[in-house]
Amino acid sequence: MDSGIYQGWTIPVYYDSMLCKLCAYGKDRTTAITRIKRALEELKINGVQTTQHMHIKIMDNEAFVSGNYDTTFIPTYIEELTDYDESEVEILKIARLLAESTALGKNQHCF
C-alpha cells in the first residue's frame, strides 16, 4: 500500500480523493488478482466513502479476470460493479468495530 495517511489523521476539507494505492503482484494474473482481492477484503478505511467494494467486484468480473476488456470496462459494467447495499456495508463496519473492541477488552457493554 502506498499512502500518506495514518491512524488518527484528519482528512482536510479539500483532500485529494485518492487516499492510497493498493498494489499486488504474482507469478501470473490469477495470483495477482487473488492477492489484490484478499487485500481489498481485509482493508479497513472508516470515516469516508471509498470505491473498495467496487474494486472487489472488479476482481470478480469475468471480463476483467480473463483480461478481455478495454477502456469502456467501467461504463459497460457500472451497474454490476456498483450493485451493493451501502447499509449492509455500514452494518459490517459496525459489527467489525464491536468485535474488535470486545476482543481488545474495550467494550464496556460486554461481560
# chains A, B, ... in the order shown; residues from 1 in each chain; ligands from 1
call {"tool": "residues_around", "arguments": {"residues": "Ile36 of chain A", "least_positions_apart": "3", "cutoff": "9 Å", "atoms": "only C-alpha atoms", "output": "list of chain:residue names"}}
result
A:Leu22, A:Cys23, A:Ala24, A:Tyr25, A:Thr31, A:Ala32, A:Ile33, A:Ala39, A:Leu40, A:Glu41, A:Ile56, A:Met59
call {"tool": "write_last_selection", "arguments": {"atoms": "N, CA and C atoms", "output": "tab-separated table (two decimals), in the first residue's frame"}}
result
chain	number	residue	atom	x	y	z
A	22	LEU	N	-3.36	0.62	-3.64
A	22	LEU	CA	-3.14	-0.75	-3.22
A	22	LEU	C	-2.63	-1.51	-4.44
A	23	CYS	N	-1.47	-2.11	-4.33
A	23	CYS	CA	-0.86	-2.82	-5.45
A	23	CYS	C	-0.58	-4.27	-5.05
A	24	ALA	N	-0.64	-5.16	-6.03
A	24	ALA	CA	-0.30	-6.56	-5.79
A	24	ALA	C	0.38	-7.11	-7.03
A	25	TYR	N	1.15	-8.14	-6.84
A	25	TYR	CA	1.80	-8.82	-7.96
A	25	TYR	C	1.75	-10.32	-7.70
A	31	THR	N	-2.87	-15.14	-9.76
A	31	THR	CA	-2.28	-14.96	-8.44
A	31	THR	C	-2.36	-13.50	-8.01
A	32	ALA	N	-2.06	-12.60	-8.91
A	32	ALA	CA	-2.11	-11.17	-8.58
A	32	ALA	C	-3.54	-10.75	-8.23
A	33	ILE	N	-4.52	-11.22	-8.99
A	33	ILE	CA	-5.91	-10.88	-8.71
A	33	ILE	C	-6.34	-11.47	-7.37
A	39	ALA	N	-6.44	-8.47	-0.23
A	39	ALA	CA	-6.03	-7.21	0.39
A	39	ALA	C	-7.20	-6.24	0.46
A	40	LEU	N	-7.99	-6.16	-0.60
A	40	LEU	CA	-9.17	-5.29	-0.61
A	40	LEU	C	-10.18	-5.71	0.46
A	41	GLU	N	-10.38	-7.00	0.61
A	41	GLU	CA	-11.34	-7.50	1.60
A	41	GLU	C	-10.87	-7.25	3.03
A	56	ILE	N	-13.54	-4.72	-5.42
A	56	ILE	CA	-13.72	-6.14	-5.14
A	56	ILE	C	-14.57	-6.77	-6.24
A	59	MET	N	-12.57	-7.39	-9.32
A	59	MET	CA	-11.72	-8.58	-9.23
A	59	MET	C	-12.52	-9.86	-9.49
call {"tool": "closest_residue", "arguments": {"among": "A:Val65, A:Gly8, A:Ala103, A:Ile58", "to": "Thr82 of chain A", "atoms": "only C-alpha atoms"}}
result
A:Ile58
call {"tool": "closest_residue", "arguments": {"among": "A:His53, A:Gly67, A:Gln7, A:Asp60", "to": "Thr34 of chain A", "atoms": "only C-alpha atoms"}}
result
A:Asp60
call {"tool": "closest_atom_pairs", "arguments": {"of": "segment 7-67 of chain A", "to": "segment 89-98 of chain A", "cutoff": "10 Å", "atoms": "only C-alpha atoms", "output": "tab-separated table"}}
result
residue	atom	partner	partner_atom	distance
A:Lys44	CA	A:Lys93	CA	8.7
A:Ile45	CA	A:Lys93	CA	9.4
A:Asn46	CA	A:Lys93	CA	8.0
A:His53	CA	A:Val89	CA	8.7
call {"tool": "residues_around", "arguments": {"residues": "Ser66 of chain A", "least_positions_apart": "4", "cutoff": "10 Å", "atoms": "only C-alpha atoms", "output": "list in words"}}
result
Arg29, Thr30, Asn61 and Glu62 of chain A
call {"tool": "write_last_selection", "arguments": {"atoms": "N, CA and C atoms", "output": "PDB file, in the first residue's frame"}}
result
ATOM      1  N   ARG A  29      -1.451 -13.595 -13.681  1.00  0.00           N
ATOM      2  CA  ARG A  29      -2.606 -12.715 -13.465  1.00  0.00           C
ATOM      3  C   ARG A  29      -3.528 -13.254 -12.371  1.00  0.00           C
ATOM      4  N   THR A  30      -3.782 -14.546 -12.373  1.00  0.00           N
ATOM      5  CA  THR A  30      -4.677 -15.153 -11.392  1.00  0.00           C
ATOM      6  C   THR A  30      -4.161 -14.941  -9.970  1.00  0.00           C
ATOM      7  N   ASN A  61     -15.106  -9.875 -11.737  1.00  0.00           N
ATOM      8  CA  ASN A  61     -15.717  -9.740 -13.054  1.00  0.00           C
ATOM      9  C   ASN A  61     -15.001 -10.631 -14.069  1.00  0.00           C
ATOM     10  N   GLU A  62     -15.770 -11.445 -14.776  1.00  0.00           N
ATOM     11  CA  GLU A  62     -15.208 -12.417 -15.730  1.00  0.00           C
ATOM     12  C   GLU A  62     -14.364 -11.746 -16.812  1.00  0.00           C
TER      13      GLU A  62
END
call {"tool": "select_by_dssp", "arguments": {"residues": "chain A", "states": "strand (DSSP E)", "output": "PyMOL selection string"}}
result
chain A and resi 2-3+20-21
call {"tool": "residues_around", "arguments": {"residues": "Ile78 of chain A", "least_positions_apart": "3", "cutoff": "12 Å", "atoms": "only C-alpha atoms", "output": "ChimeraX atom specification"}}
result
/A:54-55,57-58,61,72-75,81-84
call {"tool": "write_last_selection", "arguments": {"atoms": "N, CA and C atoms", "output": "CSV table (one decimal), in the first residue's frame"}}
result
chain,number,residue,atom,x,y,z
A,54,MET,N,-16.5,-1.6,-5.0
A,54,MET,CA,-16.5,-1.7,-6.4
A,54,MET,C,-15.3,-2.4,-7.0
A,55,HIS,N,-14.1,-2.2,-6.4
A,55,HIS,CA,-12.9,-2.8,-6.8
A,55,HIS,C,-12.9,-4.3,-6.5
A,57,LYS,N,-15.6,-6.1,-6.6
A,57,LYS,CA,-16.5,-6.6,-7.7
A,57,LYS,C,-15.7,-6.7,-9.0
A,58,ILE,N,-14.8,-5.7,-9.3
A,58,ILE,CA,-14.0,-5.8,-10.5
A,58,ILE,C,-13.1,-7.0,-10.5
A,61,ASN,N,-15.1,-9.9,-11.7
A,61,ASN,CA,-15.7,-9.7,-13.1
A,61,ASN,C,-15.0,-10.6,-14.1
A,72,THR,N,-13.6,0.9,-22.1
A,72,THR,CA,-15.1,1.0,-21.8
A,72,THR,C,-15.5,0.1,-20.7
A,73,PHE,N,-14.6,-0.5,-20.0
A,73,PHE,CA,-14.9,-1.5,-19.0
A,73,PHE,C,-15.9,-0.9,-17.9
A,74,ILE,N,-15.5,0.2,-17.3
A,74,ILE,CA,-16.3,0.7,-16.2
A,74,ILE,C,-17.7,1.1,-16.7
A,75,PRO,N,-17.8,1.9,-17.8
A,75,PRO,CA,-19.2,2.2,-18.3
A,75,PRO,C,-20.0,1.0,-18.7
A,81,LEU,N,-21.0,-3.4,-11.1
A,81,LEU,CA,-19.9,-3.0,-10.2
A,81,LEU,C,-20.4,-2.2,-9.0
A,82,THR,N,-21.5,-1.5,-9.1
A,82,THR,CA,-22.0,-0.7,-8.0
A,82,THR,C,-23.2,-1.3,-7.4
A,83,ASP,N,-23.5,-2.5,-7.7
A,83,ASP,CA,-24.7,-3.2,-7.1
A,83,ASP,C,-24.4,-3.8,-5.8
A,84,TYR,N,-24.4,-3.0,-4.7
A,84,TYR,CA,-24.3,-3.5,-3.4
A,84,TYR,C,-25.0,-2.5,-2.5
call {"tool": "select_by_dssp", "arguments": {"residues": "segment 43-90 of chain A", "states": "alpha helix (DSSP H)", "output": "CSV table (one decimal) with C-alpha atoms, in the first residue's frame"}}
result
chain,number,residue,atom,x,y,z
A,52,GLN,CA,-13.3,-0.5,-2.2
A,53,HIS,CA,-16.4,-2.6,-2.8
A,54,MET,CA,-16.5,-1.7,-6.4
A,55,HIS,CA,-12.9,-2.8,-6.8
A,56,ILE,CA,-13.7,-6.1,-5.1
A,57,LYS,CA,-16.5,-6.6,-7.7
A,58,ILE,CA,-14.0,-5.8,-10.5
A,59,MET,CA,-11.7,-8.6,-9.2
A,60,ASP,CA,-14.7,-11.0,-9.6
A,62,GLU,CA,-15.2,-12.4,-15.7
A,63,ALA,CA,-14.1,-9.9,-18.4
A,64,PHE,CA,-11.5,-8.4,-16.1
A,65,VAL,CA,-10.2,-11.7,-14.8
A,66,SER,CA,-9.8,-13.0,-18.3
A,73,PHE,CA,-14.9,-1.5,-19.0
A,74,ILE,CA,-16.3,0.7,-16.2
A,75,PRO,CA,-19.2,2.2,-18.3
A,76,THR,CA,-20.0,-1.2,-19.6
A,77,TYR,CA,-20.2,-2.9,-16.2
A,78,ILE,CA,-21.1,0.1,-14.0
A,79,GLU,CA,-24.4,-1.3,-12.8
A,80,GLU,CA,-22.9,-4.6,-11.9
A,81,LEU,CA,-19.9,-3.0,-10.2
A,86,GLU,CA,-24.5,0.6,1.4
A,87,SER,CA,-26.5,-0.2,4.5
A,88,GLU,CA,-25.0,-3.7,4.5
A,89,VAL,CA,-21.6,-2.3,4.2
A,90,GLU,CA,-22.2,0.0,7.2
call {"tool": "atom_distance", "arguments": {"atom1": "atom CA of Cys20 of chain A", "atom2": "atom CA of Thr51 of chain A"}}
result
11.3 Å
